[in-house]
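Student: mmCIF, C-alpha atoms and all ligand atoms, file final24.cif:
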```cif
data_input
#
loop_
_atom_site.label_atom_id
_atom_site.label_comp_id
_atom_site.auth_asym_id
_atom_site.auth_seq_id
_atom_site.Cartn_x
_atom_site.Cartn_y
_atom_site.Cartn_z
CA MET N 9 86.15 48.37 39.73
CA PRO N 10 86.87 49.17 43.42
CA VAL N 11 84.32 51.45 45.08
CA ARG N 12 85.97 54.69 46.24
CA ARG N 13 85.12 56.04 49.73
CA SER N 14 83.96 59.36 48.32
CA ASP N 15 81.62 57.51 45.89
CA SER N 16 80.02 55.51 48.68
CA LEU N 17 79.70 58.67 50.81
CA ASN N 18 78.02 60.41 47.88
CA LEU N 19 75.67 57.47 47.42
CA ASP N 20 74.77 57.44 51.12
CA LEU N 21 74.07 61.17 50.99
CA ARG N 22 71.95 60.78 47.85
CA LEU N 23 70.07 57.86 49.41
CA LYS N 24 69.30 60.00 52.46
CA THR N 25 68.03 62.87 50.30
CA MET N 26 65.94 60.54 48.12
CA ARG N 27 64.44 58.83 51.19
CA GLN N 28 63.39 62.26 52.47
CA ARG N 29 61.85 63.09 49.11
CA ALA N 30 60.17 59.72 48.69
CA ILE N 31 58.44 59.90 52.06
CA THR N 32 56.90 63.28 51.23
CA VAL N 33 55.59 61.80 47.95
CA SER N 34 54.10 58.51 49.18
CA GLY N 35 53.45 59.60 52.78
CA PRO N 36 50.21 61.51 52.01
CA TRP N 37 48.76 58.48 50.22
CA PHE N 38 49.46 56.32 53.27
CA LEU N 39 47.99 58.96 55.58
CA TRP N 40 44.79 58.89 53.51
CA ILE N 41 44.64 55.11 53.97
CA ASN N 42 45.01 55.50 57.74
CA LEU N 43 42.34 58.16 57.69
CA LEU N 44 39.90 55.92 55.76
CA PHE N 45 40.64 52.91 57.98
CA SER N 46 39.99 54.94 61.12
CA LEU N 47 36.69 56.14 59.61
CA PHE N 48 35.78 52.52 58.86
CA ILE N 49 36.49 51.47 62.46
CA LEU N 50 34.43 54.40 63.73
CA GLY N 51 31.49 53.31 61.59
CA ARG N 52 32.16 49.57 61.95
CA HIS N 53 28.67 48.83 63.30
CA TYR N 54 27.10 50.32 60.17
CA PHE N 55 29.38 48.53 57.72
CA SER N 56 29.57 45.16 59.43
CA PRO N 57 26.92 42.64 58.34
CA LEU N 58 27.80 40.59 61.43
CA GLU N 59 25.98 40.95 64.68
CA LYS N 60 27.45 43.45 67.08
CA THR N 61 29.26 41.73 69.97
CA ILE N 62 29.42 43.11 73.45
CA SER N 63 32.89 44.46 73.88
CA LEU N 64 35.16 46.36 76.24
CA THR N 65 34.95 49.39 74.03
CA ASP N 66 31.21 49.78 74.55
CA ALA N 67 31.73 50.68 78.19
CA PHE N 68 34.13 53.47 77.48
CA PRO N 69 34.67 55.09 74.09
CA VAL N 70 38.46 54.59 74.08
CA LEU N 71 38.36 53.17 70.59
CA GLU N 72 36.45 56.22 69.35
CA ILE N 73 39.04 58.50 70.96
CA LEU N 74 41.92 56.56 69.39
CA MET N 75 40.29 56.70 65.95
CA GLY N 76 39.55 60.40 66.42
CA LEU N 77 43.22 60.99 67.14
CA ILE N 78 44.27 59.06 64.01
CA LEU N 79 41.81 61.15 62.00
CA ALA N 80 43.16 64.38 63.49
CA ILE N 81 46.84 63.49 63.03
CA SER N 82 46.38 62.19 59.45
CA SER N 83 44.26 65.09 58.26
CA SER N 84 46.39 67.81 59.86
CA THR N 85 49.61 66.27 58.47
CA ILE N 86 48.05 66.03 54.99
CA PHE N 87 46.98 69.68 55.32
CA ILE N 88 50.47 70.83 56.38
CA LEU N 89 52.02 68.87 53.49
CA ARG N 90 49.63 70.49 51.01
CA MET N 91 50.35 73.99 52.31
CA ALA N 92 54.13 73.62 52.64
CA TYR N 93 56.12 75.94 50.40
CA ASP N 94 58.92 73.44 49.80
CA GLN N 95 57.33 70.03 49.32
CA HIS N 96 60.64 68.22 49.85
CA ALA N 97 61.89 70.10 52.92
CA GLU N 98 63.68 68.02 55.53
CA TRP N 99 61.36 69.13 58.34
CA LEU N 100 58.37 67.77 56.37
CA SER N 101 59.86 64.30 56.17
CA LYS N 102 60.58 64.45 59.92
CA LEU N 103 57.01 65.58 60.62
CA LEU N 104 55.66 62.72 58.51
CA SER N 105 57.83 60.12 60.23
CA GLY N 106 56.72 61.45 63.62
CA ALA N 107 53.04 61.43 62.61
CA LEU N 108 53.30 57.85 61.33
CA ILE N 109 54.95 56.63 64.54
CA ALA N 110 52.18 58.29 66.58
CA ILE N 111 49.50 56.75 64.36
CA SER N 112 51.11 53.33 64.70
CA ALA N 113 50.97 53.60 68.52
CA LEU N 114 47.26 54.46 68.24
CA TRP N 115 46.65 51.44 65.98
CA MET N 116 48.43 49.31 68.55
CA GLY N 117 45.98 50.51 71.18
CA CYS N 118 43.04 49.94 68.85
CA PHE N 119 44.02 46.35 67.98
CA TYR N 120 44.71 45.55 71.60
CA LEU N 121 41.25 46.75 72.63
CA LEU N 122 39.55 44.79 69.88
CA LEU N 123 41.50 41.59 70.58
CA ALA N 124 41.07 41.95 74.34
CA SER N 125 37.32 42.24 73.93
CA GLY N 126 37.30 39.14 71.74
CA ASP N 127 36.29 41.10 68.65
CA SER N 128 39.04 39.96 66.29
CA ARG N 129 36.97 39.93 63.09
CA ILE N 130 38.47 43.08 61.59
CA VAL N 131 41.83 43.02 63.35
CA PHE N 132 43.65 40.55 61.09
CA PRO N 133 42.51 41.87 57.69
CA PHE N 134 43.07 45.44 58.87
CA ALA N 135 46.48 44.73 60.35
CA ALA N 136 47.58 42.87 57.20
CA LEU N 137 46.32 45.66 54.94
CA LEU N 138 48.01 48.32 57.06
CA ILE N 139 51.29 46.42 57.13
CA PHE N 140 51.34 45.86 53.36
CA THR N 141 50.27 49.38 52.44
CA ALA N 142 53.02 50.60 54.80
CA LEU N 143 55.44 48.38 52.89
CA ILE N 144 54.38 49.93 49.57
CA SER N 145 54.66 53.50 50.88
CA LEU N 146 57.73 53.23 53.12
CA TYR N 147 59.90 50.39 51.74
CA PHE N 148 62.77 52.83 51.03
CA ASP N 149 63.13 53.84 54.69
CA GLY N 150 63.65 50.78 56.88
CA ARG N 151 63.56 52.76 60.12
CA VAL N 152 60.21 54.47 59.53
CA LEU N 153 58.71 51.29 58.08
CA LEU N 154 59.77 49.26 61.09
CA SER N 155 58.65 51.98 63.54
CA PHE N 156 55.20 51.85 61.97
CA THR N 157 54.76 48.11 61.53
CA LEU N 158 56.60 46.69 64.54
CA PRO N 159 54.03 47.82 67.17
CA ILE N 160 51.28 46.21 65.08
CA TRP N 161 53.20 42.92 64.74
CA VAL N 162 53.98 42.96 68.47
CA VAL N 163 50.44 43.64 69.69
CA ILE N 164 49.00 40.80 67.60
CA LEU N 165 51.65 38.36 68.76
CA PHE N 166 51.25 39.52 72.36
CA CYS N 167 47.47 39.06 72.28
CA ASN N 168 47.86 35.59 70.79
CA PHE N 169 49.81 34.57 73.89
CA ILE N 170 47.69 36.45 76.43
CA TYR N 171 44.42 35.23 74.96
CA PRO N 172 45.29 31.67 73.94
CA SER N 173 41.83 31.06 72.49
CA ASP N 174 43.11 32.95 69.45
CA LEU N 175 46.41 31.05 69.28
CA THR N 176 45.58 28.46 66.67
CA LEU N 177 48.16 26.74 64.49
CA LEU N 178 46.57 28.40 61.49
CA ASN N 179 47.04 31.83 63.06
CA ALA N 180 50.68 31.13 63.84
CA LEU N 181 51.30 29.90 60.29
CA LEU N 182 49.53 32.91 58.85
CA TYR N 183 51.59 35.19 61.05
CA LEU N 184 54.85 33.59 59.90
CA LEU N 185 53.76 33.67 56.25
CA LEU N 186 52.90 37.36 56.46
CA ALA N 187 56.21 38.16 58.16
CA GLY N 188 58.12 36.24 55.46
CA LEU N 189 56.22 37.96 52.63
CA PHE N 190 56.73 41.34 54.26
CA GLU N 191 60.49 40.94 54.73
CA SER N 192 61.15 39.45 51.26
CA GLY N 193 59.00 42.17 49.63
CA ARG N 194 60.82 44.85 51.59
CA ARG N 195 64.23 43.54 50.49
CA ILE N 196 63.24 43.34 46.81
CA LEU N 197 61.70 46.83 46.76
CA ARG N 198 64.63 48.34 48.65
CA SER N 199 67.21 46.78 46.34
CA TRP N 200 65.40 48.34 43.34
CA PHE N 201 65.35 51.69 45.10
CA VAL N 202 69.10 51.56 45.85
CA LEU N 203 69.84 50.41 42.29
CA ALA N 204 67.82 53.31 40.84
CA ILE N 205 69.65 55.84 43.03
CA ARG N 206 73.03 54.29 42.17
CA ARG N 207 72.28 54.49 38.44
CA GLU N 208 71.13 58.08 38.82
CA GLN N 209 74.32 58.92 40.71
CA GLU N 210 76.45 57.30 38.00
CA ASN N 211 74.57 59.24 35.33
CA ARG N 212 75.18 62.50 37.19
CA VAL N 213 78.92 61.80 37.35
CA LEU N 214 78.93 60.87 33.66
CA ILE N 215 77.06 64.05 32.68
CA LYS N 216 79.49 66.13 34.76
CA GLN N 217 82.45 64.43 33.05
CA LEU N 218 80.93 65.04 29.60
CA GLN N 219 80.22 68.67 30.48
CA ASP N 220 83.80 69.11 31.70
CA LEU N 221 85.12 67.51 28.52
CA ALA N 222 83.01 69.85 26.43
CA ASN N 223 83.68 73.03 28.42
CA LEU N 224 87.05 72.78 30.13
CA ASP N 225 90.59 72.83 28.83
CA PRO N 226 92.11 69.43 29.73
CA LEU N 227 95.57 70.81 30.55
CA THR N 228 94.76 73.81 32.74
CA GLY N 229 91.22 72.98 33.92
CA ILE N 230 89.96 76.48 33.05
CA ALA N 231 87.24 77.19 30.42
CA ASN N 232 88.08 76.29 26.82
CA ARG N 233 87.54 78.47 23.78
CA ARG N 234 84.16 76.92 22.97
CA SER N 235 82.63 77.59 26.37
CA PHE N 236 84.25 81.05 26.45
CA HIS N 237 82.33 82.02 23.27
CA LEU N 238 79.07 80.78 24.77
CA LEU N 239 79.66 82.67 28.03
CA LEU N 240 80.73 85.82 26.17
CA ASP N 241 77.53 85.80 24.07
CA LYS N 242 75.40 85.36 27.18
CA ALA N 243 77.27 88.10 29.06
CA MET N 244 76.95 90.49 26.10
CA GLN N 245 73.20 89.95 25.90
CA ARG N 246 72.87 90.66 29.61
CA GLN N 247 75.16 93.66 29.42
CA GLN N 248 73.35 95.18 26.45
CA GLN N 249 70.00 94.84 28.22
CA CYS N 250 71.26 96.41 31.45
CA HIS N 251 73.67 98.90 29.80
CA THR N 252 76.49 97.94 32.17
CA PRO N 253 80.13 97.82 31.03
CA LEU N 254 82.00 94.68 29.92
CA SER N 255 85.70 94.20 29.15
CA LEU N 256 88.06 91.60 27.71
CA VAL N 257 91.72 90.98 28.44
CA MET N 258 93.60 88.86 25.91
CA LEU N 259 97.02 87.47 26.92
CA ASP N 260 99.88 85.83 25.11
CA VAL N 261 102.93 84.31 26.83
CA ASP N 262 106.04 86.10 25.59
CA TYR N 263 108.51 83.95 23.61
CA PHE N 264 106.85 80.72 24.65
CA LYS N 265 108.37 78.80 21.75
CA LYS N 266 111.78 79.61 23.21
CA TYR N 267 110.57 78.41 26.62
CA ASN N 268 109.54 75.07 25.14
CA ASP N 269 112.76 74.80 23.18
CA HIS N 270 114.85 75.44 26.28
CA TYR N 271 112.95 73.63 29.06
CA GLY N 272 111.05 71.02 27.07
CA HIS N 273 107.37 70.53 26.28
CA GLN N 274 106.56 68.98 29.68
CA ALA N 275 107.92 72.04 31.53
CA GLY N 276 106.03 74.19 29.02
CA ASP N 277 102.79 72.47 30.03
CA GLU N 278 103.52 73.08 33.73
CA CYS N 279 104.26 76.72 32.97
CA LEU N 280 100.87 77.10 31.24
CA VAL N 281 99.11 75.54 34.25
CA ASN N 282 100.89 77.99 36.60
CA ILE N 283 99.93 80.94 34.42
CA ALA N 284 96.27 79.78 34.33
CA GLN N 285 96.22 79.56 38.14
CA CYS N 286 97.76 83.00 38.36
CA LEU N 287 95.04 84.43 36.09
CA VAL N 288 92.29 82.79 38.14
CA ALA N 289 93.82 84.22 41.32
CA ALA N 290 93.88 87.70 39.83
CA THR N 291 90.16 87.75 38.92
CA ARG N 292 86.81 87.63 40.72
CA SER N 293 85.80 83.99 41.11
CA THR N 294 82.05 84.51 40.84
CA GLN N 295 81.57 86.26 37.52
CA ASP N 296 84.86 86.60 35.63
CA VAL N 297 85.72 83.86 33.14
CA VAL N 298 89.33 82.86 32.54
CA ALA N 299 89.70 80.74 29.39
CA ARG N 300 92.45 79.18 27.33
CA PHE N 301 91.98 80.66 23.89
CA GLY N 302 94.72 78.85 21.99
CA GLY N 303 98.14 77.22 22.61
CA GLU N 304 99.77 79.89 24.84
CA GLU N 305 96.96 82.42 24.52
CA PHE N 306 94.46 83.15 27.29
CA ILE N 307 91.42 85.40 27.41
CA ILE N 308 89.53 86.86 30.36
CA LEU N 309 85.92 87.97 30.30
CA LEU N 310 85.19 90.70 32.83
CA PRO N 311 81.45 91.39 33.04
CA GLU N 312 80.45 94.70 34.63
CA ALA N 313 84.06 95.91 34.40
CA THR N 314 84.99 99.29 32.95
CA GLU N 315 88.20 99.74 30.96
CA GLN N 316 89.86 101.15 34.08
CA GLN N 317 88.88 98.08 36.11
CA ALA N 318 90.20 95.83 33.31
CA ILE N 319 93.49 97.75 33.43
CA GLU N 320 93.65 97.06 37.18
CA VAL N 321 93.14 93.33 36.53
CA ALA N 322 95.88 93.34 33.84
CA GLU N 323 98.25 95.14 36.18
CA ARG N 324 97.47 92.65 38.96
CA ILE N 325 98.26 89.78 36.57
CA ARG N 326 101.57 91.38 35.60
CA GLN N 327 102.55 91.77 39.25
CA LYS N 328 101.47 88.26 40.24
CA LEU N 329 103.49 86.76 37.38
CA GLN N 330 106.44 88.87 38.39
CA ALA N 331 106.10 87.55 41.94
CA LEU N 332 105.91 83.97 40.63
CA ALA N 333 109.20 84.60 38.82
CA ILE N 334 109.15 81.52 36.55
CA PRO N 335 112.62 81.44 35.00
CA HIS N 336 112.75 81.90 31.20
CA VAL N 337 116.39 82.24 30.20
CA GLY N 338 115.52 82.46 26.50
CA SER N 339 113.32 85.51 26.96
CA PRO N 340 114.94 88.77 25.89
CA VAL N 341 112.39 90.66 28.03
CA THR N 342 113.27 89.93 31.70
CA GLY N 343 114.68 86.42 32.03
CA TYR N 344 111.35 85.37 33.62
CA VAL N 345 108.01 84.34 32.09
CA THR N 346 105.98 87.42 31.13
CA THR N 347 102.82 88.07 29.14
CA SER N 348 101.58 90.71 26.76
CA MET N 349 97.98 91.81 27.22
CA GLY N 350 95.37 93.56 25.11
CA ILE N 351 92.29 95.18 26.68
CA ALA N 352 89.02 95.94 24.90
CA ASN N 353 85.91 97.50 26.35
CA LEU N 354 82.42 96.82 24.95
CA ARG N 355 80.94 99.73 22.97
CA PRO N 356 77.34 99.91 21.71
CA GLU N 357 76.73 97.97 18.48
CA THR N 358 79.95 95.93 18.91
CA THR N 359 79.65 92.21 18.16
CA SER N 360 81.50 89.53 20.14
CA THR N 361 83.77 88.78 17.16
CA ARG N 362 84.59 92.45 16.86
CA LEU N 363 85.27 92.78 20.57
CA ILE N 364 87.70 89.83 20.49
CA ALA N 365 89.40 91.31 17.41
CA GLN N 366 89.81 94.60 19.29
CA ALA N 367 91.43 92.83 22.26
CA ASP N 368 93.70 90.99 19.80
CA ALA N 369 94.68 94.27 18.13
CA ALA N 370 95.53 95.77 21.53
CA LEU N 371 97.59 92.65 22.34
CA TYR N 372 99.51 93.03 19.08
CA LYS N 373 100.22 96.61 20.09
CA ALA N 374 101.57 95.47 23.49
CA LYS N 375 103.94 93.07 21.70
CA LYS N 376 105.05 95.76 19.32
CA HIS N 377 105.82 98.08 22.24
CA GLY N 378 108.21 95.58 23.83
CA ARG N 379 105.97 92.90 25.53
CA ASN N 380 105.48 92.36 29.32
CA GLN N 381 102.81 95.08 29.34
CA TRP N 382 99.16 95.80 28.61
CA GLN N 383 97.66 98.08 25.99
CA THR N 384 94.04 99.15 25.43
CA PHE N 385 92.20 99.21 22.14
CA SER N 386 90.71 102.61 22.93
CA ASP N 387 94.19 104.20 22.65
CA GLU N 388 94.30 103.31 18.91
N1 LIG N 401 104.15 73.08 26.21
C1 LIG N 401 103.16 73.48 25.45
N2 LIG N 401 103.43 74.30 24.43
C2 LIG N 401 102.43 74.74 23.66
C3 LIG N 401 101.11 74.33 23.89
N3 LIG N 401 100.35 74.93 22.95
C4 LIG N 401 101.16 75.67 22.18
N4 LIG N 401 102.42 75.56 22.60
C5 LIG N 401 103.62 76.16 22.06
O1 LIG N 401 103.56 77.57 22.15
C6 LIG N 401 104.46 78.09 21.18
C7 LIG N 401 103.88 79.34 20.58
O2 LIG N 401 104.84 79.87 19.72
P1 LIG N 401 104.64 81.24 18.95
O3 LIG N 401 103.25 81.28 18.40
O4 LIG N 401 105.78 81.39 18.00
O5 LIG N 401 104.69 82.33 20.05
P2 LIG N 401 105.86 82.82 21.01
O6 LIG N 401 107.05 81.94 20.89
O7 LIG N 401 105.28 82.94 22.36
O8 LIG N 401 106.21 84.23 20.43
P3 LIG N 401 105.44 85.55 20.78
O9 LIG N 401 104.02 85.22 20.95
O10 LIG N 401 105.71 86.42 19.60
O11 LIG N 401 106.05 86.08 22.00
C8 LIG N 401 104.72 76.99 20.15
O12 LIG N 401 106.03 76.53 20.29
C9 LIG N 401 103.74 75.88 20.60
O13 LIG N 401 104.30 74.59 20.37
C10 LIG N 401 100.86 73.44 24.97
O14 LIG N 401 99.74 73.02 25.24
N5 LIG N 401 101.90 73.05 25.71
#
```
As structure tokens, what does this structure read like?
Ligand SMILES: Nc1nc2c(ncn2[C@@H]2O[C@H](COP(=O)(O)OP(=O)(O)OP(=O)(O)O)[C@@H](O)[C@H]2O)c(=O)[nH]1
Tutor:
Amino acid sequence: MPVRRSDSLNLDLRLKTMRQRAITVSGPWFLWINLLFSLFILGRHYFSPLEKTISLTDAFPVLEILMGLILAISSSTIFILRMAYDQHAEWLSKLLSGALIAISALWMGCFYLLLASGDSRIVFPFAALLIFTALISLYFDGRVLLSFTLPIWVVILFCNFIYPSDLTLLNALLYLLLAGLFESGRRILRSWFVLAIRREQENRVLIKQLQDLANLDPLTGIANRRSFHLLLDKAMQRQQQCHTPLSLVMLDVDYFKKYNDHYGHQAGDECLVNIAQCLVAATRSTQDVVARFGGEEFIILLPEATEQQAIEVAERIRQKLQALAIPHVGSPVTGYVTTSMGIANLRPETTSTRLIAQADAALYKAKKHGRNQWQTFSDE
């Protein structure tokens, strides 16, 4: 199946959002690792069973300063992440990326100092561990992963050339092997990540399609009878708790059988779509519900609307249809498509079935009085 542009745009957008989320989930773990590693380097003389070598860093505590900065950046970023109100906010992911790039630059300085002073015992295991834990935590975001690991790769390679005593064939092979493992691992992990997001995206589309099938009328795209009942029950519960008004308008297209007989079923379908659009245009988009109740019958739920406000809606519909002026030569009413409408207002103790029956009774009255008009149940 060809990939549509909108689908790939959606996927790119979803990937971006998920990358932002993922970094705020695995970022803290990686910051803890950096924090522990910097503590280890600070206390290296206590942990190391090997004899202490004289090094550059003894003369001036640059290494201690660098490690102190890693400690400060890691711990403060972890703290901010813990305290943040929205754990997946975009600014948090930016803060984390920035913190990791800064930490990487500090590691670069640290490894350079150690290699320059000939103390390479902990550099290679530490660099390898850092690079592979970075891969585990950041594989989904190539840019951040590369920004963190590249300076470490570069400083080791650079020192191997500057200080050739360290440039053994074994080192070079090890370096190449690590780079190969890193890149292949990154590709595998990333492909799983993209696949998972793509599947999730497909599932979302599928769920939306199923929801639309269950809740929308396929011809007009407005709510169907089933979802109207659900929404009416919900609205009635809310209304009865808050004691606010609620009204219904039920509509029936006048002499629609004659319309079909004269213009054909296809034109009849188009007419129903136009009427549905007209009803939607005449109501408030946020809370009113326009639904197709049956063949050429529509119903409108007007929460928080008094009978007078429902009358205003019905009158607006009548005028909009009049302005549309869809020809209906078979109609004895006006020669154009018209509707009859029944209005019912919710009274205490009224059930939803009863309320619909009241709107239907008012609609029947409108038909009896000559169609192309509205009637209210309260006038009975
Ligand atoms: N084109 C089309 N026609 C439909 C659809 N659903 C129902 N109808 C037609 O709507 C017509 C309804 O006919 P009736 O119930 O006699 O109502 P009416 O002709 O409007 O008469 P009054 O309601 O008394 O004004 C029937 O001819 C149905 O075939 C639909 O989805 N598309």
Student: Considering all atoms listed in the file, tabulate each residue of chain N that lies at most 6 Å from ligand LIG 401 (chain N) along with its nearest interatomic pair and the corresponding distance in Å to one decimal; arrange the rows by chain and ascending residue number and present them as JSON lines.
Tutor:
```
{"residue": "N:Asp260", "atom": "CA", "partner": "N:LIG401", "partner_atom": "O9", "distance": 5.9}
{"residue": "N:Val261", "atom": "CA", "partner": "N:LIG401", "partner_atom": "O7", "distance": 5.2}
{"residue": "N:Asp262", "atom": "CA", "partner": "N:LIG401", "partner_atom": "O11", "distance": 3.6}
{"residue": "N:Tyr263", "atom": "CA", "partner": "N:LIG401", "partner_atom": "O7", "distance": 3.6}
{"residue": "N:Phe264", "atom": "CA", "partner": "N:LIG401", "partner_atom": "O7", "distance": 3.6}
{"residue": "N:Lys265", "atom": "CA", "partner": "N:LIG401", "partner_atom": "O6", "distance": 3.5}
{"residue": "N:Lys266", "atom": "CA", "partner": "N:LIG401", "partner_atom": "O6", "distance": 5.8}
{"residue": "N:Asn268", "atom": "CA", "partner": "N:LIG401", "partner_atom": "N1", "distance": 5.8}
{"residue": "N:His273", "atom": "CA", "partner": "N:LIG401", "partner_atom": "N1", "distance": 4.1}
{"residue": "N:Gln274", "atom": "CA", "partner": "N:LIG401", "partner_atom": "N1", "distance": 5.9}
{"residue": "N:Gly276", "atom": "CA", "partner": "N:LIG401", "partner_atom": "N1", "distance": 3.6}
{"residue": "N:Asp277", "atom": "CA", "partner": "N:LIG401", "partner_atom": "N1", "distance": 4.1}
{"residue": "N:Gly303", "atom": "CA", "partner": "N:LIG401", "partner_atom": "N3", "distance": 3.2}
{"residue": "N:Glu304", "atom": "CA", "partner": "N:LIG401", "partner_atom": "C4", "distance": 5.2}
```
Student: Of the candidates N:Thr25, N:Ser82, N:Thr342, N:Gln383, which shows the shortest atom-to-atom distance to Leu256 in chain N, using only C-alpha atoms?
Tutor: N:Gln383
Student: Do a neighbour search on Ile81 in chain N at 10 Å with all atoms listed in the file, toss out local chain neighbours closer than 5 positions, and write the hits as a PDB file with C-alpha atoms, in the coordinates of the input.
Tutor:
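Written output follows (selection23.pdb):
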```
ATOM      1  CA  LEU N  39      47.990  58.960  55.580  1.00  0.00           C
ATOM      2  CA  ASN N  42      45.010  55.500  57.740  1.00  0.00           C
ATOM      3  CA  LEU N  43      42.340  58.160  57.690  1.00  0.00           C
ATOM      4  CA  MET N  75      40.290  56.700  65.950  1.00  0.00           C
ATOM      5  CA  GLY N  76      39.550  60.400  66.420  1.00  0.00           C
ATOM      6  CA  ILE N  86      48.050  66.030  54.990  1.00  0.00           C
ATOM      7  CA  PHE N  87      46.980  69.680  55.320  1.00  0.00           C
ATOM      8  CA  LEU N 104      55.660  62.720  58.510  1.00  0.00           C
ATOM      9  CA  ALA N 107      53.040  61.430  62.610  1.00  0.00           C
ATOM     10  CA  LEU N 108      53.300  57.850  61.330  1.00  0.00           C
ATOM     11  CA  ALA N 110      52.180  58.290  66.580  1.00  0.00           C
ATOM     12  CA  ILE N 111      49.500  56.750  64.360  1.00  0.00           C
TER      13      ILE N 111
END
```
Student: Enter the distance from CA of Ser235 in chain N to CA of Ala284 in chain N, in Å, rounded to one decimal.
Tutor: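 These atoms are spaced 15.9 Å apart.
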Student: If we count all atoms listed in the file, what is near range 288-292 of chain N at a cut-off of 10 Å, once residues fewer than 6 positions away on the same chain are taken out, given as a list in words?
Tutor: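 Listing them by chain and then by number gives Ile230, Asn282, Val298, Ala299, Ile308, Leu309, Leu310, Ala318, Glu320, Val321, Ala322, Glu323, Arg324, Ile325, Arg326, Gln327, Lys328 and Leu329 of chain N.
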Student: Those same residues - C-alpha atoms - I'd like them written as a compact mmCIF listing (two decimals), keeping the file's coordinate frame.
Tutor:
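Produced file out_20.txt, reproduced below:
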```txt
# COMPACT_ATOMS: atom_id res chain seq x y z
CA ILE N 230 89.96 76.48 33.05
CA ASN N 282 100.89 77.99 36.60
CA VAL N 298 89.33 82.86 32.54
CA ALA N 299 89.70 80.74 29.39
CA ILE N 308 89.53 86.86 30.36
CA LEU N 309 85.92 87.97 30.30
CA LEU N 310 85.19 90.70 32.83
CA ALA N 318 90.20 95.83 33.31
CA GLU N 320 93.65 97.06 37.18
CA VAL N 321 93.14 93.33 36.53
CA ALA N 322 95.88 93.34 33.84
CA GLU N 323 98.25 95.14 36.18
CA ARG N 324 97.47 92.65 38.96
CA ILE N 325 98.26 89.78 36.57
CA ARG N 326 101.57 91.38 35.60
CA GLN N 327 102.55 91.77 39.25
CA LYS N 328 101.47 88.26 40.24
CA LEU N 329 103.49 86.76 37.38
```
Student: Which one of N:Leu184, N:Val202, N:Ile139, N:Ala113 sits closest to Asp20 in chain N if you count all atoms listed in the file?
Tutor: N:Val202
Student: Taking (63.3, 51.4, 54.2) in the file's coordinates as the center, which residues reach within 10 Å of it, counting only C-alpha atoms, put as a PyMOL selection string?
Tutor: chain N and resi 27+143+145-154+194-195+197-199+201
Student: How many Å lie between CA of Gln245 in chain N and CA of Arg362 in chain N, rounded to one decimal?
Tutor: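 Computed distance, CA of Gln245 in chain N to CA of Arg362 in chain N, equals 14.8 Å.
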Student: I need the residue nearest Ile160 in chain N from this list: N:Ala142, N:Thr359, N:Gln209, N:Ile41. Use only C-alpha atoms for the distance.
Tutor: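 Ranking N:Ala142, N:Thr359, N:Gln209, N:Ile41 by distance to Ile160 in chain N, first place goes to N:Ala142.
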Student: What is the CA of Tyr372 in chain N-CA of His251 in chain N distance in Å, reported with one decimal?
Tutor: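 So the two atoms, CA of Tyr372 in chain N and CA of His251 in chain N, lie 28.6 Å apart.
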Student: Measuring atom to atom with only C-alpha atoms, identify which of N:Leu185, N:Val131, N:Val345, N:Leu224 is nearest to Phe301 in chain N.
Tutor: N:Leu224
Student: Let me make sure I understand: among N:Gly338, N:Trp37, N:Ala97, N:Arg52, which one has the smallest atom-to-atom distance to Ser83 in chain N if we use all atoms listed in the file?
Tutor: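 Closest candidate: N:Trp37.
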Student: Please list as a list in words every residue within 7 Å of Met258 in chain N, counting all atoms listed in the file and excluding residues in the same chain fewer than 4 positions away.
Tutor: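 Residues meeting the cut-off are Phe306, Ile307, Ile308, Met349, Gly350, Ile351, Ala367, Asp368 and Leu371 of chain N.
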Student: List as a ChimeraX atom specification the protein and nucleic acid residues near Tyr344 in chain N, meaning an atom at most 10 Å away when all atoms listed in the file are counted, but skip any in the same chain fewer than 4 places from it.
Tutor: /N:262,267,329-330,332-340
Student: Would you give the centre and edge lengths, in Å to one decimal, of a box along x, y and z around the listed atoms of range 100-109 of chain N, with 8 Å added to each side, as AutoDock Vina command-line options?
Tutor:
```
--center_x 56.8 --center_y 62.2 --center_z 60.4 --size_x 23.5 --size_y 27.1 --size_z 24.4
```
Student: Can you pull out the residues contacting Glu208 in chain N? Cut-off 12 Å, using only C-alpha atoms, and skip same-chain residues under 6 positions away; I want them as number ranges by chain.
Tutor: N: 18-19, 22-23, 26, 201-202, 214-215
Student: Output range 325-330 of chain N with N, CA and C atoms present, as a CSV table (one decimal), in the coordinates of the input.
Tutor:
```csv
chain,number,residue,atom,x,y,z
N,325,ILE,N,97.7,91.0,37.2
N,325,ILE,CA,98.3,89.8,36.6
N,325,ILE,C,99.8,89.9,36.4
N,326,ARG,N,100.1,91.1,35.9
N,326,ARG,CA,101.6,91.4,35.6
N,326,ARG,C,102.4,91.2,36.9
N,327,GLN,N,101.8,91.8,38.0
N,327,GLN,CA,102.6,91.8,39.2
N,327,GLN,C,102.6,90.3,39.8
N,328,LYS,N,101.5,89.6,39.7
N,328,LYS,CA,101.5,88.3,40.2
N,328,LYS,C,102.5,87.4,39.5
N,329,LEU,N,102.5,87.6,38.2
N,329,LEU,CA,103.5,86.8,37.4
N,329,LEU,C,104.9,87.1,37.7
N,330,GLN,N,105.1,88.4,38.0
N,330,GLN,CA,106.4,88.9,38.4
N,330,GLN,C,106.8,88.2,39.7
```
